[in-house]
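**Q** Below you'll find final_29.txt; it's compact mmCIF, C-alpha atoms.
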# COMPACT_ATOMS: atom_id res chain seq x y z
CA MET A 1346 10.12 1.74 17.44
CA PHE A 1347 10.79 -0.83 14.78
CA GLY A 1348 13.58 -2.77 13.21
CA TYR A 1349 14.12 -4.70 10.06
CA GLN A 1350 16.71 -6.90 8.47
CA VAL A 1351 17.12 -7.26 4.72
CA TYR A 1352 17.97 -10.71 3.41
CA ASN A 1353 19.17 -11.35 -0.11
CA LEU A 1354 17.50 -14.49 -1.39
CA ARG A 1355 20.53 -15.11 -3.63
CA ASP A 1356 22.62 -15.72 -0.48
CA PHE A 1357 20.55 -18.86 0.11
CA ALA A 1358 20.76 -20.16 -3.46
CA VAL A 1359 23.27 -22.40 -5.21
CA LYS A 1360 25.49 -20.06 -7.26
CA GLY A 1361 23.00 -17.25 -6.55
CA GLN A 1362 20.32 -18.66 -8.85
CA VAL A 1363 16.90 -18.03 -7.30
CA ASP A 1364 14.66 -18.82 -10.28
CA ASP A 1365 14.44 -21.20 -13.19
CA TYR A 1366 12.27 -22.00 -16.18
CA PRO A 1367 8.81 -23.42 -15.44
CA TYR A 1368 8.11 -27.11 -15.75
CA GLY A 1369 5.80 -27.76 -18.64
CA GLY A 1370 7.36 -24.96 -20.65
CA GLY A 1371 6.15 -21.47 -21.20
CA THR A 1372 7.60 -18.05 -20.75
CA GLY A 1373 9.00 -16.38 -17.68
CA MET A 1374 10.76 -17.72 -14.64
CA VAL A 1375 9.59 -19.35 -11.42
CA LEU A 1376 11.07 -18.72 -7.97
CA LYS A 1377 12.88 -21.84 -6.75
CA ILE A 1378 11.61 -23.32 -3.51
CA GLU A 1379 15.00 -24.26 -1.97
CA PRO A 1380 16.44 -20.76 -1.47
CA LEU A 1381 13.07 -19.51 -0.26
CA VAL A 1382 12.76 -22.26 2.36
CA ARG A 1383 16.40 -21.78 3.48
CA ALA A 1384 15.91 -18.03 3.84
CA LEU A 1385 12.64 -18.41 5.75
CA ALA A 1386 14.16 -21.01 8.08
CA THR A 1387 17.09 -18.71 8.82
CA ILE A 1388 14.79 -15.79 9.51
CA GLN A 1389 12.56 -17.87 11.82
CA GLU A 1390 15.64 -19.14 13.71
CA THR A 1391 17.11 -15.65 14.05
CA TYR A 1392 13.80 -13.92 14.82
CA PRO A 1393 11.44 -16.55 16.28
CA ASP A 1394 8.80 -13.92 17.16
CA SER A 1395 8.78 -12.40 13.68
CA TYR A 1396 5.82 -12.67 11.36
CA LEU A 1397 5.80 -13.55 7.72
CA ILE A 1398 4.05 -11.87 4.82
CA LEU A 1399 4.36 -13.53 1.44
CA LEU A 1400 3.89 -11.31 -1.59
CA SER A 1401 2.02 -13.03 -4.38
CA PRO A 1402 -0.23 -11.97 -7.26
CA GLN A 1403 -2.65 -14.63 -5.99
CA GLY A 1404 -2.86 -13.15 -2.50
CA ARG A 1405 -5.55 -10.84 -1.19
CA THR A 1406 -5.03 -7.27 -2.36
CA PHE A 1407 -3.26 -5.19 0.27
CA LYS A 1408 -5.41 -2.31 1.51
CA GLN A 1409 -5.03 0.27 4.25
CA LYS A 1410 -7.56 -1.54 6.44
CA ASP A 1411 -5.22 -4.58 6.43
CA VAL A 1412 -2.38 -2.75 8.16
CA PRO A 1413 -3.48 -3.34 11.79
CA ARG A 1414 -4.27 -6.98 11.06
CA LEU A 1415 -0.96 -7.94 9.46
CA LEU A 1416 0.46 -9.69 12.48
CA ASN A 1417 0.01 -13.21 11.16
CA HIS A 1418 1.69 -15.21 8.43
CA GLU A 1419 -0.22 -14.72 5.24
CA GLN A 1420 -0.04 -14.17 1.51
CA ILE A 1421 -1.11 -10.84 0.05
CA SER A 1422 -0.94 -8.99 -3.25
CA ILE A 1423 -0.38 -5.28 -3.86
CA GLY A 1424 -2.59 -5.36 -6.93
CA GLU A 1425 -3.52 -7.10 -10.12
CA PHE A 1426 -0.13 -6.85 -11.81
CA VAL A 1427 3.25 -8.58 -11.68
CA THR A 1428 6.57 -6.87 -10.96
CA MET A 1429 10.12 -7.91 -11.92
CA GLY A 1430 10.86 -8.77 -8.31
CA GLY A 1431 9.37 -8.53 -4.85
CA GLU A 1432 11.60 -5.77 -3.51
CA ILE A 1433 9.40 -2.78 -4.34
CA PRO A 1434 6.15 -4.45 -3.18
CA ALA A 1435 7.91 -5.43 0.06
CA LEU A 1436 9.09 -1.85 0.61
CA LEU A 1437 5.58 -0.57 -0.08
CA ILE A 1438 4.05 -2.83 2.56
CA THR A 1439 6.89 -2.14 5.00
CA GLU A 1440 6.33 1.60 4.76
CA ALA A 1441 2.57 1.20 5.24
CA LEU A 1442 3.18 -0.95 8.35
CA ILE A 1443 5.78 1.41 9.80
CA ARG A 1444 3.39 4.37 9.44
CA ALA A 1445 0.88 2.44 11.58
CA ILE A 1446 3.26 2.06 14.54
CA PRO A 1447 2.10 4.43 17.30
CA GLY A 1448 4.39 7.42 17.52
CA VAL A 1449 5.84 7.23 14.01
CA ILE A 1450 3.35 9.82 12.76
CA GLU A 1451 0.63 11.68 14.61
CA LEU A 1452 -2.38 9.44 15.32
CA GLU A 1453 -4.80 12.08 14.02
CA SER A 1454 -2.84 12.37 10.78
CA TYR A 1455 -2.86 8.59 10.34
CA GLN A 1456 -6.60 8.34 11.01
CA GLN A 1457 -7.42 11.07 8.49
CA GLU A 1458 -5.43 9.58 5.62
CA THR A 1459 -6.91 8.38 2.39
CA PHE A 1460 -8.21 4.79 2.73
CA PHE A 1461 -8.06 4.70 6.56
CA ASN A 1462 -11.87 4.55 6.74
CA SER A 1463 -12.47 3.31 3.17
CA GLN A 1464 -12.79 6.92 2.01
CA LEU A 1465 -10.49 9.13 0.03
CA ASP A 1466 -8.93 11.92 2.05
CA PHE A 1467 -10.53 15.36 1.94
CA ALA A 1468 -8.95 18.05 -0.22
CA ALA A 1469 -6.06 19.78 1.52
CA TYR A 1470 -5.09 23.41 0.98
CA THR A 1471 -2.20 25.58 2.07
CA ARG A 1472 -0.87 29.05 1.30
CA PRO A 1473 -1.49 31.07 -0.78
CA LYS A 1474 -5.25 31.54 -0.37
CA ASN A 1475 -5.54 32.30 -4.08
CA PHE A 1476 -3.46 30.55 -6.71
CA ASN A 1477 -4.32 31.35 -10.33
CA ASP A 1478 -7.93 31.96 -9.27
CA PHE A 1479 -8.13 28.67 -7.37
CA LEU A 1480 -9.39 29.75 -3.96
CA VAL A 1481 -9.21 28.05 -0.60
CA PRO A 1482 -12.80 27.33 0.52
CA GLU A 1483 -13.93 30.02 2.98
CA VAL A 1484 -15.00 27.45 5.57
CA LEU A 1485 -11.35 26.35 5.95
CA LEU A 1486 -10.39 29.92 6.77
CA SER A 1487 -13.28 30.42 9.21
CA GLY A 1488 -11.71 28.92 12.34
CA CYS A 1489 -14.97 27.08 13.11
CA HIS A 1490 -13.75 23.56 13.82
CA LYS A 1491 -17.21 22.00 13.67
CA LYS A 1492 -17.92 23.45 10.21
CA ILE A 1493 -14.44 22.51 9.01
CA ALA A 1494 -14.95 18.93 10.18
CA GLU A 1495 -18.33 18.78 8.43
CA TRP A 1496 -16.83 20.18 5.22
CA ARG A 1497 -13.97 17.67 5.34
CA THR A 1498 -16.34 14.73 5.85
CA LYS A 1499 -18.59 15.87 3.01
CA ASN A 1500 -15.63 16.55 0.70
CA SER A 1501 -14.14 13.13 1.47
CA GLN A 1502 -17.43 11.40 0.68
CA GLU A 1503 -17.90 13.35 -2.55
CA LYS A 1504 -14.36 12.60 -3.74
CA THR A 1505 -14.82 8.91 -2.94
CA GLN A 1506 -18.11 8.74 -4.84
CA GLN A 1507 -16.61 10.54 -7.85
CA GLN A 1508 -13.67 8.14 -7.96
CA GLU A 1509 -15.89 5.07 -7.58
CA LYS A 1510 -18.07 6.28 -10.45
CA LYS A 1511 -14.98 7.05 -12.56
CA TYR A 1512 -13.43 3.62 -11.94
CA LYS A 1513 -16.71 1.81 -12.50
CA ASN A 1514 -17.09 3.48 -15.90
CA SER A 1515 -13.47 3.16 -17.02
CA ASN A 1516 -12.39 -0.19 -15.60
CA LYS A 1517 -12.80 -2.15 -18.80
CA ILE A 1518 -10.26 -4.55 -20.22
CA VAL A 1519 -9.00 -3.40 -23.60
CA LEU A 1520 -7.07 -5.89 -25.69
CA ASN A 1521 -3.92 -4.62 -27.33
CA PRO A 1522 -4.77 -4.40 -31.06
CA ASN A 1523 -1.06 -4.77 -31.92
CA LEU A 1524 -0.86 -8.35 -30.60
How does this structure look as structure tokens?

**A**
Amino acid sequence: MFGYQVYNLRDFAVKGQVDDYPYGGGTGMVLKIEPLVRALATIQETYPDSYLILLSPQGRTFKQKDVPRLLNHEQISIGEFVTMGGEIPALLITEALIRAIPGVIELESYQQETFFNSQLDFAAYTRPKNFNDFLVPEVLLSGCHKKIAEWRTKNSQEKTQQQEKKYKNSNKIVLNPNL
């Protein structure tokens, strides 16, 4: 269904050094262009029909709705933060793309997931029916598929609205008083 090849950027660098200090000074390190270009050229030669996704904090934030569209070269971000390396963000995007390949998971399951339609997923319950006085909603036990679908849609919308309200009220930048 799919295949992938992992390349170590250090294999394309002189003495394995893939980053260096930034020009103009400052803290941190900057990825060197030479090993990146060598690696990308090798990949394009080996897999001419492959597509390229560059991970960058300056890219558009990766969202579930982007998965079907990611067939072109582009630059995306997994969020407004910086990681020590690109390996984990790359794995995150790879897993999201693999899940979208027909046949990897059930289509219905994929279409009902959180974020597929810009909504959080509905609450899911399993056995037992009663756990520490937390009860499975009766409608889910009813066997009436129409009512269950209506409940799931309503629950999904309510959860999404609650989260949006929560994030809107708590998404404030707080400076570290210890700095």

**Q** Would you pick out the contacts of Ile1446 of chain A at 10 Å or less, using all atoms listed in the file, so that residues sharing its chain but fewer than 4 positions from it are not included, and give the list as a VMD selection string?

**A** chain A and resid 1346 to 1347 1412 to 1413 1441 to 1442 1450 to 1452 1455

**Q** Give one line per residue of segment 1412-1500 of chain A that approaches segment 1352-1365 of chain A to at most 12 Å, naming the two atoms of the closest pair and their distance in Å to one decimal, counting all atoms listed in the file; sort by chain then ascending residue number and deliver it as a tab-separated table.

**A**
residue	atom	partner	partner_atom	distance
A:Met1429	CA	A:Asp1364	CA	11.9
A:Gly1430	CA	A:Asp1364	CA	10.9
A:Gly1431	CA	A:Leu1354	CA	10.7
A:Glu1432	CA	A:Asn1353	CA	10.0
A:Ala1435	CA	A:Tyr1352	CA	11.8

**Q** Counting all atoms listed in the file, what is within 9 Å of Phe1407 of chain A, bar same-chain residues fewer than 2 positions away, as an MDAnalysis selection string?

**A** chainID A and resid 1404:1405 1409:1412 1421:1424 1438

**Q** Just to confirm, what's the straight-line distance from atom CA of Lys1511 of chain A to atom CA of Arg1497 of chain A in Å (one decimal)?

**A**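 Calculated distance between atom CA of Lys1511 of chain A and atom CA of Arg1497 of chain A is 20.8 Å.
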
**Q** Report, in Å with one decimal, the straight-line distance from atom CA of Gln1457 of chain A to atom CA of Leu1415 of chain A.

**A**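 Taking atom CA of Gln1457 of chain A as the start and atom CA of Leu1415 of chain A as the end point, the length is 20.1 Å.
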
**Q** With all atoms listed in the file as the basis for distance, which of A:Thr1406, A:Ser1463, A:Gln1389, A:Ser1454 is at the shortest distance from Ser1501 of chain A?

**A** A:Ser1463

**Q** May I ask you to restore N, CA and C atoms in segment 1452-1466 of chain A and write the result as a CSV table (one decimal), in the coordinates of the input?

**A**
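File produced: out_6.csv:
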chain,number,residue,atom,x,y,z
A,1452,LEU,N,-1.2,10.3,15.4
A,1452,LEU,CA,-2.4,9.4,15.3
A,1452,LEU,C,-3.5,10.1,14.5
A,1453,GLU,N,-3.8,11.4,14.8
A,1453,GLU,CA,-4.8,12.1,14.0
A,1453,GLU,C,-4.5,12.1,12.5
A,1454,SER,N,-3.2,12.3,12.2
A,1454,SER,CA,-2.8,12.4,10.8
A,1454,SER,C,-3.1,11.0,10.1
A,1455,TYR,N,-2.7,10.0,10.8
A,1455,TYR,CA,-2.9,8.6,10.3
A,1455,TYR,C,-4.3,8.3,10.1
A,1456,GLN,N,-5.2,8.7,11.1
A,1456,GLN,CA,-6.6,8.3,11.0
A,1456,GLN,C,-7.3,9.2,10.0
A,1457,GLN,N,-6.8,10.2,9.5
A,1457,GLN,CA,-7.4,11.1,8.5
A,1457,GLN,C,-6.9,10.8,7.1
A,1458,GLU,N,-6.0,9.8,6.9
A,1458,GLU,CA,-5.4,9.6,5.6
A,1458,GLU,C,-6.4,8.9,4.7
A,1459,THR,N,-6.1,9.1,3.4
A,1459,THR,CA,-6.9,8.4,2.4
A,1459,THR,C,-6.9,6.9,2.7
A,1460,PHE,N,-8.0,6.2,2.6
A,1460,PHE,CA,-8.2,4.8,2.7
A,1460,PHE,C,-8.3,4.3,4.2
A,1461,PHE,N,-8.0,5.2,5.2
A,1461,PHE,CA,-8.1,4.7,6.6
A,1461,PHE,C,-9.5,4.2,6.9
A,1462,ASN,N,-10.5,4.9,6.5
A,1462,ASN,CA,-11.9,4.6,6.7
A,1462,ASN,C,-12.6,4.2,5.5
A,1463,SER,N,-11.9,3.7,4.5
A,1463,SER,CA,-12.5,3.3,3.2
A,1463,SER,C,-13.0,4.5,2.4
A,1464,GLN,N,-12.4,5.7,2.7
A,1464,GLN,CA,-12.8,6.9,2.0
A,1464,GLN,C,-11.5,7.6,1.5
A,1465,LEU,N,-11.6,8.3,0.4
A,1465,LEU,CA,-10.5,9.1,0.0
A,1465,LEU,C,-10.4,10.3,1.0
A,1466,ASP,N,-9.2,10.8,1.2
A,1466,ASP,CA,-8.9,11.9,2.0
A,1466,ASP,C,-9.6,13.2,1.5
